[in-house]
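Colleague: My structure is in run.txt, and what it holds is compact mmCIF, C-alpha atoms and all ligand atoms:
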# COMPACT_ATOMS: atom_id res chain seq x y z
CA LEU U 1 138.71 -94.56 59.52
CA ASP U 2 137.93 -97.15 62.14
CA LEU U 3 134.46 -96.94 63.65
CA PRO U 4 132.29 -99.39 65.58
CA TYR U 5 129.17 -100.33 63.57
CA VAL U 6 126.96 -98.98 66.33
CA TRP U 7 128.35 -95.49 65.54
CA LEU U 8 127.34 -95.92 61.90
CA ARG U 9 123.87 -97.07 62.92
CA ASP U 10 123.45 -94.19 65.40
CA HIS U 11 124.36 -91.52 62.82
CA CYS U 12 122.05 -92.77 60.05
CA ARG U 13 120.79 -89.75 58.09
CA CYS U 14 117.77 -91.40 56.44
CA ASP U 15 114.41 -89.65 56.75
CA VAL U 16 113.26 -92.02 59.48
CA CYS U 17 116.33 -91.66 61.69
CA TYR U 18 116.91 -87.96 61.05
CA ASN U 19 114.59 -85.00 60.66
CA HIS U 20 116.18 -83.02 57.83
CA GLN U 21 113.76 -80.17 58.35
CA THR U 22 114.82 -79.51 61.95
CA CYS U 23 118.33 -81.07 61.73
CA GLN U 24 117.57 -83.23 64.77
CA LYS U 25 117.97 -86.92 65.42
CA ASN U 26 115.01 -89.25 65.84
CA ILE U 27 117.10 -92.10 67.16
CA ASP U 28 116.44 -93.50 70.61
CA ASN U 29 119.88 -94.32 72.02
CA PHE U 30 118.28 -96.71 74.42
CA GLU U 31 117.40 -99.01 71.54
CA LEU U 32 120.84 -99.08 69.94
CA ASP U 33 122.34 -102.58 69.73
CA LEU U 34 125.98 -102.15 70.75
CA ASP U 35 126.99 -105.31 68.85
CA ILE U 36 125.05 -104.60 65.68
CA ARG U 37 126.68 -105.79 62.44
CA PRO U 38 125.58 -104.97 58.89
CA THR U 39 124.27 -107.68 56.61
CA GLU U 40 125.67 -105.89 53.58
CA VAL U 41 128.14 -103.08 52.89
CA SER U 42 128.98 -101.44 49.57
CA PHE U 43 131.10 -98.45 48.64
CA ASP U 44 131.20 -96.82 45.20
CA GLY U 45 134.02 -94.39 45.95
CA THR U 46 131.66 -91.65 47.18
CA VAL U 47 128.74 -93.26 48.94
CA LEU U 48 128.94 -95.95 51.59
CA THR U 49 125.74 -97.99 51.79
CA ILE U 50 124.97 -100.28 54.68
CA GLU U 51 122.11 -102.71 55.14
CA TRP U 52 121.27 -103.69 58.73
CA PRO U 53 119.73 -106.98 59.96
CA ASP U 54 116.23 -105.42 60.06
CA LYS U 55 116.65 -104.39 56.36
CA HIS U 56 117.08 -100.73 57.38
CA LEU U 57 119.32 -98.90 54.88
CA THR U 58 121.90 -96.29 55.78
CA SER U 59 124.03 -94.40 53.30
CA TYR U 60 126.88 -92.04 53.98
CA ASN U 61 128.69 -89.64 51.76
CA ILE U 62 132.37 -90.20 52.47
CA ASP U 63 133.01 -86.44 52.88
CA TRP U 64 130.39 -86.24 55.62
CA LEU U 65 132.06 -89.14 57.40
CA LEU U 66 135.52 -87.60 57.18
CA GLU U 67 134.22 -84.30 58.53
CA ASN U 68 132.23 -85.69 61.40
CA THR U 69 134.01 -88.63 62.89
CA TYR U 70 136.96 -87.64 65.04
CA HIS U 71 136.60 -83.91 65.48
CA ASP U 72 134.37 -81.04 64.47
CA GLN U 73 136.49 -80.47 61.35
CA HIS U 74 136.08 -77.67 58.86
CA ARG U 75 137.47 -77.16 55.42
CA ASP U 76 138.45 -73.54 55.95
CA ARG U 77 140.71 -73.72 59.03
CA VAL U 78 141.86 -70.39 60.36
CA GLU U 79 145.31 -70.51 61.89
CA ARG U 80 145.49 -68.26 64.93
CA VAL U 81 148.21 -65.66 64.75
CA LEU U 82 149.39 -65.05 68.31
CA TRP U 83 150.87 -61.58 68.58
CA ASN U 84 152.81 -59.13 70.67
CA LYS U 85 153.74 -55.56 69.77
CA ALA U 86 156.58 -56.56 67.43
CA ILE U 87 154.56 -59.23 65.60
CA MET U 88 151.59 -56.90 65.21
CA ALA U 89 153.89 -54.28 63.66
CA THR U 90 154.89 -56.71 60.88
CA ILE U 91 151.33 -57.57 59.90
CA THR U 92 150.67 -55.82 56.63
CA GLU U 93 146.93 -56.44 56.42
CA GLN U 94 145.59 -54.92 59.65
CA PRO U 95 142.37 -56.54 60.94
CA MET U 96 140.01 -53.85 59.66
CA VAL U 97 136.91 -53.92 57.48
CA PRO U 98 135.14 -50.85 56.04
CA TYR U 99 131.58 -50.35 57.27
CA LYS U 100 129.96 -50.55 53.83
CA ASP U 101 131.61 -53.90 52.96
CA PHE U 102 130.85 -55.23 56.43
CA MET U 103 127.17 -54.27 56.36
CA GLU U 104 126.39 -55.01 52.72
CA THR U 105 128.50 -57.98 51.66
CA GLU U 106 128.90 -61.52 52.99
CA ASP U 107 132.61 -61.29 52.20
CA GLY U 108 132.95 -58.21 54.42
CA LEU U 109 131.26 -59.97 57.31
CA LYS U 110 133.31 -63.13 56.75
CA GLU U 111 136.52 -61.09 56.70
CA HIS U 112 135.65 -59.58 60.09
CA VAL U 113 134.89 -63.03 61.60
CA LYS U 114 138.11 -64.38 60.13
CA ASN U 115 140.09 -61.50 61.71
CA LEU U 116 138.49 -62.29 65.06
CA MET U 117 139.45 -65.96 64.73
CA LYS U 118 142.99 -65.13 63.65
CA TYR U 119 143.93 -62.16 65.83
CA GLY U 120 141.21 -62.00 68.50
CA PHE U 121 140.08 -58.54 67.39
CA SER U 122 138.84 -56.67 64.35
CA VAL U 123 137.81 -53.06 63.66
CA VAL U 124 134.90 -51.90 61.54
CA THR U 125 135.94 -48.50 60.12
CA GLN U 126 133.86 -45.57 58.81
CA ALA U 127 130.80 -46.57 60.86
CA PRO U 128 128.20 -43.94 61.80
CA PRO U 129 129.79 -42.22 64.85
CA SER U 130 126.79 -42.83 67.11
CA HIS U 131 125.44 -45.37 69.56
CA GLU U 132 123.02 -46.49 66.82
CA GLY U 133 126.08 -47.09 64.63
CA THR U 134 127.55 -49.33 67.35
CA LEU U 135 124.33 -51.33 67.58
CA ALA U 136 123.99 -51.69 63.82
CA VAL U 137 127.47 -53.19 63.36
CA SER U 138 127.15 -55.35 66.48
CA GLN U 139 123.84 -56.80 65.36
CA ARG U 140 125.26 -57.58 61.95
CA LEU U 141 127.37 -60.24 63.75
CA THR U 142 124.97 -61.56 66.43
CA PHE U 143 122.25 -60.38 68.78
CA LEU U 144 123.39 -58.49 71.91
CA GLN U 145 124.14 -60.26 75.16
CA PRO U 146 122.42 -58.31 77.92
CA THR U 147 123.92 -58.17 81.41
CA PHE U 148 123.15 -56.12 84.52
CA PHE U 149 124.94 -53.26 82.71
CA GLY U 150 121.98 -53.31 80.30
CA PRO U 151 121.72 -54.57 76.72
CA SER U 152 124.32 -51.99 75.62
CA TRP U 153 125.83 -48.76 76.99
CA SER U 154 127.17 -45.36 76.20
CA PHE U 155 129.15 -44.35 79.27
CA THR U 156 131.35 -41.57 80.65
CA SER U 157 133.33 -41.16 83.87
CA ASP U 158 130.22 -40.53 86.00
CA MET U 159 130.25 -43.63 88.24
CA ALA U 160 126.87 -44.76 86.87
CA PHE U 161 127.99 -48.18 88.12
CA GLY U 162 130.35 -48.80 91.00
CA ASP U 163 133.22 -49.86 88.76
CA THR U 164 136.52 -48.22 87.75
CA ALA U 165 135.45 -48.38 84.08
CA TYR U 166 133.18 -45.41 84.96
CA THR U 167 136.07 -43.21 86.18
CA THR U 168 138.95 -41.39 84.45
CA LEU U 169 141.49 -43.87 85.88
CA GLY U 170 143.75 -46.00 83.72
CA LEU U 171 142.92 -49.72 83.56
CA GLY U 172 145.52 -52.46 83.13
CA ALA U 173 144.88 -55.24 80.63
CA HIS U 174 141.99 -57.48 81.68
CA THR U 175 139.11 -59.53 80.32
CA ASP U 176 135.56 -58.53 81.26
CA ASN U 177 132.89 -60.59 83.02
CA THR U 178 135.35 -62.84 84.83
CA TYR U 179 132.59 -62.99 87.48
CA PHE U 180 130.30 -64.92 85.09
CA MET U 181 130.62 -68.70 84.74
CA SER U 182 130.63 -68.03 81.00
CA PRO U 183 131.99 -64.53 80.22
CA SER U 184 130.64 -62.65 77.20
CA GLY U 185 132.27 -63.72 73.95
CA ILE U 186 133.01 -60.34 72.43
CA GLN U 187 133.16 -56.82 73.77
CA VAL U 188 132.44 -53.98 71.35
CA PHE U 189 134.14 -50.59 71.92
CA HIS U 190 133.27 -47.39 70.11
CA VAL U 191 134.68 -44.11 71.45
CA LEU U 192 132.03 -41.59 70.41
CA GLU U 193 133.80 -38.49 71.69
CA HIS U 194 136.84 -37.40 73.61
CA GLN U 195 137.95 -33.86 74.23
CA GLY U 196 141.07 -34.21 76.34
CA THR U 197 144.27 -36.20 76.70
CA GLY U 198 145.00 -39.92 77.27
CA GLY U 199 142.18 -42.44 77.02
CA GLU U 200 144.05 -44.69 74.60
CA THR U 201 142.98 -48.32 74.23
CA LEU U 202 145.32 -51.14 75.21
CA LEU U 203 145.18 -54.63 73.73
CA VAL U 204 147.21 -57.66 74.86
CA ASP U 205 146.96 -61.14 73.34
CA GLY U 206 146.23 -63.43 76.29
CA PHE U 207 147.06 -66.56 74.29
CA PHE U 208 150.48 -65.15 73.37
CA ALA U 209 151.16 -64.38 77.05
CA ALA U 210 149.94 -67.84 78.11
CA GLU U 211 152.03 -69.63 75.46
CA THR U 212 155.10 -67.64 76.52
CA LEU U 213 154.46 -68.72 80.09
CA ARG U 214 154.02 -72.35 78.98
CA ARG U 215 157.47 -72.17 77.38
CA ASP U 216 159.36 -70.16 80.03
CA ASN U 217 157.63 -71.14 83.26
CA PRO U 218 155.74 -74.44 82.85
CA THR U 219 155.14 -74.72 86.59
CA ALA U 220 153.27 -71.41 86.68
CA PHE U 221 151.42 -72.34 83.49
CA LYS U 222 150.28 -75.64 85.01
CA CYS U 223 149.20 -73.97 88.25
CA LEU U 224 147.05 -71.40 86.40
CA SER U 225 145.55 -74.16 84.24
CA GLU U 226 144.49 -76.19 87.26
CA THR U 227 143.74 -73.77 90.08
CA VAL U 228 140.14 -72.67 90.35
CA VAL U 229 139.74 -69.06 91.44
CA ALA U 230 136.69 -66.92 92.15
CA HIS U 231 135.80 -63.51 90.67
CA GLU U 232 132.95 -61.26 91.70
CA PHE U 233 130.83 -58.23 90.91
CA TYR U 234 129.45 -56.93 94.18
CA ASP U 235 127.46 -53.79 94.82
CA SER U 236 124.28 -53.01 96.72
CA ASP U 237 122.15 -54.86 94.12
CA HIS U 238 124.50 -57.62 92.97
CA ARG U 239 126.28 -60.59 94.47
CA VAL U 240 127.56 -62.18 91.28
CA ARG U 241 130.42 -64.62 91.60
CA SER U 242 132.03 -67.28 89.41
CA LEU U 243 134.54 -70.09 89.68
CA GLY U 244 137.04 -71.00 86.99
CA THR U 245 140.68 -71.44 86.11
CA VAL U 246 142.68 -68.50 84.73
CA LEU U 247 143.68 -70.59 81.69
CA SER U 248 141.41 -73.15 80.11
CA PHE U 249 141.67 -75.56 77.21
CA HIS U 250 139.44 -76.99 74.54
CA PRO U 251 138.10 -80.25 75.99
CA THR U 252 139.17 -82.40 73.04
CA THR U 253 141.88 -80.59 71.08
CA LYS U 254 143.53 -79.17 74.25
CA LYS U 255 144.25 -75.92 72.42
CA MET U 256 144.04 -72.67 74.41
CA PHE U 257 140.36 -71.97 74.90
CA SER U 258 140.13 -68.97 77.18
CA ILE U 259 141.92 -66.68 79.55
CA ARG U 260 140.02 -65.28 82.51
CA PHE U 261 142.14 -62.43 83.81
CA ASN U 262 140.98 -59.49 85.87
CA PRO U 263 143.05 -58.77 88.98
CA TYR U 264 140.56 -56.01 89.92
CA ASP U 265 137.61 -58.40 90.11
CA ARG U 266 139.18 -61.34 91.92
CA SER U 267 137.20 -62.54 94.94
CA PRO U 268 138.74 -63.41 98.29
CA LEU U 269 140.92 -66.40 97.53
CA HIS U 270 138.90 -69.07 99.29
CA THR U 271 139.32 -71.88 96.76
CA VAL U 272 143.03 -72.52 97.21
CA PRO U 273 144.30 -74.68 100.10
CA PRO U 274 146.68 -72.79 102.43
CA ASP U 275 149.74 -74.76 101.35
CA GLN U 276 149.10 -73.84 97.69
CA ILE U 277 148.49 -70.13 98.17
CA LYS U 278 152.06 -68.91 97.73
CA LYS U 279 152.45 -71.05 94.64
CA PHE U 280 149.29 -69.55 93.16
CA TYR U 281 150.40 -65.96 93.84
CA LYS U 282 153.79 -66.68 92.31
CA SER U 283 152.21 -68.15 89.18
CA TYR U 284 149.65 -65.34 88.84
CA ALA U 285 152.47 -62.80 89.22
CA ALA U 286 154.47 -64.54 86.48
CA LEU U 287 151.53 -64.30 84.07
CA THR U 288 150.87 -60.69 85.11
CA GLU U 289 154.50 -59.85 84.41
CA GLU U 290 154.18 -61.34 80.92
CA ILE U 291 150.99 -59.35 80.27
CA ARG U 292 152.44 -56.07 81.58
CA LYS U 293 155.64 -56.19 79.52
CA PRO U 294 155.67 -53.17 77.21
CA GLU U 295 156.57 -55.54 74.37
CA SER U 296 153.24 -57.37 74.89
CA GLU U 297 151.18 -54.21 74.54
CA VAL U 298 149.47 -52.77 71.49
CA TRP U 299 148.04 -49.27 71.99
CA LEU U 300 145.58 -47.53 69.72
CA LYS U 301 143.63 -44.32 69.86
CA LEU U 302 140.06 -45.12 68.90
CA LYS U 303 138.29 -42.43 66.88
CA PRO U 304 134.54 -41.98 66.35
CA GLY U 305 133.52 -44.34 63.54
CA MET U 306 136.07 -47.05 64.49
CA VAL U 307 134.17 -49.91 66.12
CA LEU U 308 136.52 -52.36 67.83
CA PHE U 309 135.40 -55.96 68.44
CA VAL U 310 137.52 -57.88 70.95
CA ASP U 311 137.39 -61.64 71.60
CA ASN U 312 136.90 -61.47 75.37
CA TRP U 313 138.01 -65.11 75.77
CA ARG U 314 141.41 -64.35 74.31
CA VAL U 315 142.44 -60.70 74.07
CA MET U 316 142.65 -58.41 77.10
CA HIS U 317 141.81 -54.74 76.94
CA GLY U 318 142.63 -51.71 79.06
CA ARG U 319 142.97 -47.96 78.69
CA SER U 320 145.22 -45.12 79.81
CA SER U 321 143.89 -42.54 82.26
CA PHE U 322 142.39 -39.47 80.65
CA THR U 323 141.21 -35.93 81.09
CA GLY U 324 138.10 -34.31 79.66
CA LEU U 325 134.84 -35.72 78.49
CA ARG U 326 135.16 -39.20 76.99
CA ARG U 327 132.13 -41.22 75.92
CA VAL U 328 132.41 -44.92 75.07
CA SER U 329 129.58 -46.85 73.47
CA GLY U 330 129.50 -50.62 73.39
CA CYS U 331 127.89 -53.94 74.18
CA TYR U 332 128.67 -57.59 74.74
CA LEU U 333 128.01 -60.38 72.21
CA PRO U 334 127.48 -64.05 73.02
CA ARG U 335 130.33 -66.45 72.42
CA ASP U 336 128.21 -69.37 71.17
CA ASP U 337 126.60 -67.21 68.53
CA TRP U 338 129.68 -65.58 67.08
CA PHE U 339 131.37 -68.99 66.94
CA GLY U 340 128.16 -70.27 65.34
CA LYS U 341 128.47 -67.54 62.71
CA ALA U 342 132.07 -68.56 62.10
CA ARG U 343 130.95 -72.17 61.67
CA LEU U 344 128.33 -71.03 59.12
CA PHE U 345 131.19 -69.53 57.12
CA GLY U 346 133.09 -72.83 57.50
CA LEU U 347 135.67 -71.14 59.76
CA GLN U 348 137.15 -72.86 62.79
CA ASN U 349 140.24 -72.23 64.90
CA LEU U 350 139.99 -74.82 67.66
C1 LIG D 401 129.75 -52.27 80.98
N1 LIG D 401 131.08 -51.75 80.83
C2 LIG D 401 131.75 -52.45 79.77
C3 LIG D 401 130.99 -50.36 80.46
C4 LIG D 401 131.85 -51.79 82.06
C5 LIG D 401 132.18 -53.14 82.52
C6 LIG D 401 133.30 -53.19 83.50
C7 LIG D 401 132.99 -54.18 84.53
C8 LIG D 401 134.00 -55.07 85.12
N2 LIG D 401 135.06 -54.47 85.82
C9 LIG D 401 134.51 -56.13 84.17
O1 LIG D 401 135.68 -56.18 83.91
O2 LIG D 401 133.74 -56.94 83.70
O1 LIG D 402 137.13 -47.02 78.79
C1 LIG D 402 137.57 -47.92 78.09
O2 LIG D 402 138.14 -47.69 77.01
C2 LIG D 402 137.45 -49.37 78.50
C3 LIG D 402 136.95 -49.58 79.88
C4 LIG D 402 136.70 -51.03 80.15
O3 LIG D 402 137.54 -51.78 80.54
C5 LIG D 402 135.37 -51.58 79.86
O4 LIG D 402 134.47 -50.82 79.49
O5 LIG D 402 135.21 -52.78 79.99
FE FE D 403 136.84 -53.86 80.71
Let's see the structure in the file written out as structure tokens.

Modeller:
Amino acid sequence: LDLPYVWLRDHCRCDVCYNHQTCQKNIDNFELDLDIRPTEVSFDGTVLTIEWPDKHLTSYNIDWLLENTYHDQHRDRVERVLWNKAIMATITEQPMVPYKDFMETEDGLKEHVKNLMKYGFSVVTQAPPSHEGTLAVSQRLTFLQPTFFGPSWSFTSDMAFGDTAYTTLGLGAHTDNTYFMSPSGIQVFHVLEHQGTGGETLLVDGFFAAETLRRDNPTAFKCLSETVVAHEFYDSDHRVRSLGTVLSFHPTTKKMFSIRFNPYDRSPLHTVPPDQIKKFYKSYAALTEEIRKPESEVWLKLKPGMVLFVDNWRVMHGRSSFTGLRRVSGCYLPRDDWFGKARLFGLQNL
């Protein structure tokens, strides 16, 4: 551990420097002396005590220091398991949690969050097969994230919104809300009824596809990590548009952070200089090919009572075309809050 003294002064957790009731700092950065040096330092193996020139005392527990200095570190690290169809088939403990455990025990909730961190999706089983059931399980994790689709929905193929989701057409793997600067963190899917054929749910691990591209086609990977593209949701009432790269990375650890992939919702390509356009299309096609490979795809037929949570920053979803009446209930959940819940459980995957 090698820290400038000013860092140690800035992070003082005494009652004057830190409000333990609100967990907020009282320090005025403006007054920090960059060249401050302690007048006395002692360490008893657990607690580091520092006396500053103005007689102010700071003490640190060594565990707190180790956890907070270089990175937002957590004891219970969750290793991500990137998957394709074959890998998913070998996983013995499927990411599923029974409704009763999920609703009534902290362990059940933690298990679900851990599944989301590890695989990018998790299913709550045996839930009440109703829209209220969807809301109950969703709100057990976080509050809902409202959008112009409403706080939540229960939709059929009636074109209630001008979007292919509201038809009987098949949808290739995509993430939702690519047209928002910060897309929703989780999408919840609950098929309440379906009398007919097709309508299966498709899942593809975007991080697996991106890592495969990084290995097999680094030029395309680099292009999609650096090229800013626009997405949009346009209808008579909305002119929503965003800018962002298809692949993005955690700002400090550089691990995969999000994939923004929805070919249907891409805006006119006005952000790419003419001499880069062919390169972008080639790179986007290479990623699309990876995503569309049958060996990337996991298909499941959702039944009433199975509530699927999908990490919308990592795992893409789609569906096959269908016949008959099919009603899907769901909502979006905010990314900051489900990650906040994970942090409360001491879980971290970044
Ligand atoms: C609201 N509900 C989930 C039913 C439909 C959302 C689909 C909208 C859009 N194509 C997107 O990918 O974000
Ligand atoms: O109908 C479905 O299963 C999913 C449609 C979809 O992509 C969505 O609602 O975001
Ligand atoms: Fe979607």

Colleague: Quick one: pull the distance between atom CA of U:Glu79 and atom CA of U:Phe143, Å, one decimal.

Modeller: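 So the two atoms, atom CA of U:Glu79 and atom CA of U:Phe143, lie 26.1 Å apart.
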
Colleague: Taking all atoms listed in the file into account, report as a PDB file with C-alpha atoms, in the frame of the given file which residues have an atom no farther than 7 Å from an atom of ligand LIG 402 (chain D).

Modeller:
ATOM      1  CA  ALA U 165     135.450 -48.380  84.080  1.00  0.00           C
ATOM      2  CA  LEU U 171     142.920 -49.720  83.560  1.00  0.00           C
ATOM      3  CA  ASP U 176     135.560 -58.530  81.260  1.00  0.00           C
ATOM      4  CA  GLY U 199     142.180 -42.440  77.020  1.00  0.00           C
ATOM      5  CA  THR U 201     142.980 -48.320  74.230  1.00  0.00           C
ATOM      6  CA  HIS U 317     141.810 -54.740  76.940  1.00  0.00           C
ATOM      7  CA  GLY U 318     142.630 -51.710  79.060  1.00  0.00           C
ATOM      8  CA  ARG U 319     142.970 -47.960  78.690  1.00  0.00           C
ATOM      9  CA  VAL U 328     132.410 -44.920  75.070  1.00  0.00           C
TER      10      VAL U 328
END

Colleague: Throw together the list of residues within 8 Å of ligand LIG 401 (chain D), counting only C-alpha atoms and all ligand atoms, and drop it here as a PyMOL selection string.

Modeller: chain U and resi 149-150+152-155+163-166+174-179+187+233+262+264-265+328-332

Colleague: Would you please work out which residue, of U:Phe261, U:Phe30, U:Tyr70, U:Trp64, is nearest to U:Asp2 when using all atoms listed in the file?

Modeller: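 Using all atoms listed in the file, the shortest distance to U:Asp2 belongs to U:Tyr70.
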
Colleague: Work out where the centre of an axis-aligned box around every listed atom of stretch 128-140 of chain U lies and how long its edges are once 3 Å is added on each side; give both in Å to one decimal as lines of an AutoDock Vina configuration file.

Modeller:
center_x = 126.4
center_y = -49.9
center_z = 65.7
size_x = 12.8
size_y = 21.4
size_z = 13.8

Colleague: If I take atom CA of U:Thr125 and atom CA of U:Phe189, how far is one from the other in Å, to one decimal?

Modeller: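 Those two atoms sit 12.1 Å apart.
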
Colleague: Rounded to one decimal place, report the atom CA of U:Asp54-atom CA of U:Leu8 distance in Å.

Modeller: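 Atom-to-atom, atom CA of U:Asp54 to atom CA of U:Leu8, that is 14.7 Å.
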
Colleague: May I have the residues within 12 Å of U:Thr288 as a compact mmCIF listing (two decimals) with C-alpha atoms, in the frame of the given file, using all atoms listed in the file and disregarding those fewer than 5 positions away in the same chain?

Modeller:
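around27.txt written:
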# COMPACT_ATOMS: atom_id res chain seq x y z
CA GLY U 172 145.52 -52.46 83.13
CA ALA U 173 144.88 -55.24 80.63
CA HIS U 174 141.99 -57.48 81.68
CA VAL U 204 147.21 -57.66 74.86
CA GLY U 206 146.23 -63.43 76.29
CA ALA U 209 151.16 -64.38 77.05
CA ALA U 210 149.94 -67.84 78.11
CA THR U 212 155.10 -67.64 76.52
CA LEU U 213 154.46 -68.72 80.09
CA ALA U 220 153.27 -71.41 86.68
CA PHE U 221 151.42 -72.34 83.49
CA LEU U 224 147.05 -71.40 86.40
CA VAL U 246 142.68 -68.50 84.73
CA PHE U 261 142.14 -62.43 83.81
CA ASN U 262 140.98 -59.49 85.87
CA PRO U 263 143.05 -58.77 88.98
CA TYR U 281 150.40 -65.96 93.84
CA LYS U 282 153.79 -66.68 92.31
CA SER U 283 152.21 -68.15 89.18
CA LYS U 293 155.64 -56.19 79.52
CA PRO U 294 155.67 -53.17 77.21
CA SER U 296 153.24 -57.37 74.89
CA MET U 316 142.65 -58.41 77.10

Colleague: May I ask which of the residues U:Met256, U:Thr167, U:Ser242, U:Arg215 is the closest one to ligand FE 403 (chain D), counting all atoms listed in the file?

Modeller: U:Thr167

Colleague: Which of these, U:Arg260, U:Arg335, U:Arg9, U:Lys278, has the shortest distance to ligand FE 403 (chain D) once you count all atoms listed in the file?

Modeller: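 Counting all atoms listed in the file, the residue closest to ligand FE 403 (chain D) is U:Arg260.
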
Colleague: With all atoms listed in the file as the atoms that count, which of U:Val188, U:Leu269, U:Val97, U:Leu3 lies nearest to U:Pro334?

Modeller: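 With all atoms listed in the file as the atom set, the closest residue is U:Val188.
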
Colleague: With 10 Å as the threshold, what does the neighbourhood of (143.7, -76.0, 85.6) contain in terms of residues, counting all atoms listed in the file? Coordinates are those of the file; answer as a ChimeraX atom specification.

Modeller: /U:221-229,244-249

Colleague: Name the residues in contact with U:Asp44 at a cut-off of 12 Å, using all atoms listed in the file, excluding same-chain residues fewer than 2 positions from it; report them as an NGL selection string.

Modeller: :U and (41-42 or 46-50 or 59-62)

Colleague: Using the selection just defined, write its residues with C-alpha atoms as a PDB file, keeping the file's coordinate frame.

Modeller:
ATOM      1  CA  VAL U  41     128.140-103.080  52.890  1.00  0.00           C
ATOM      2  CA  SER U  42     128.980-101.440  49.570  1.00  0.00           C
ATOM      3  CA  THR U  46     131.660 -91.650  47.180  1.00  0.00           C
ATOM      4  CA  VAL U  47     128.740 -93.260  48.940  1.00  0.00           C
ATOM      5  CA  LEU U  48     128.940 -95.950  51.590  1.00  0.00           C
ATOM      6  CA  THR U  49     125.740 -97.990  51.790  1.00  0.00           C
ATOM      7  CA  ILE U  50     124.970-100.280  54.680  1.00  0.00           C
ATOM      8  CA  SER U  59     124.030 -94.400  53.300  1.00  0.00           C
ATOM      9  CA  TYR U  60     126.880 -92.040  53.980  1.00  0.00           C
ATOM     10  CA  ASN U  61     128.690 -89.640  51.760  1.00  0.00           C
ATOM     11  CA  ILE U  62     132.370 -90.200  52.470  1.00  0.00           C
TER      12      ILE U  62
END

Colleague: Measuring atom to atom with only C-alpha atoms and all ligand atoms, identify which of U:Ile186, U:Gly305, U:Ala230, U:Arg13 is nearest to ligand FE 403 (chain D).

Modeller: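 Comparing U:Ile186, U:Gly305, U:Ala230, U:Arg13 against ligand FE 403 (chain D), the winner is U:Ile186.
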
Colleague: What's the 9 Å shell around U:Leu300, counting all atoms listed in the file, without same-chain residues fewer than 4 positions away, as an MDAnalysis selection string?

Modeller: chainID U and resid 200:203

Colleague: Got a sec: who's within 12 Å of U:Met103, counting only C-alpha atoms, leaving out chain neighbours fewer than 2 positions off, as a ChimeraX atom specification?

Modeller: /U:97-101,105-112,124-128,133,135-141

Colleague: Can you pull out every residue within 9 Å of U:Phe345, counting only C-alpha atoms, but drop anything in the same chain fewer than 3 positions away, and send it as a list of chain:residue names?

Modeller: U:Asp76, U:Lys110, U:Val113, U:Gly340, U:Lys341, U:Ala342, U:Gln348

Colleague: Find, counting only C-alpha atoms, the residue in U:Leu287, U:Val240, U:Met159, U:Met306 that gets nearest to U:His190.

Modeller: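 Of all the options, U:Met306 lies closest to U:His190.
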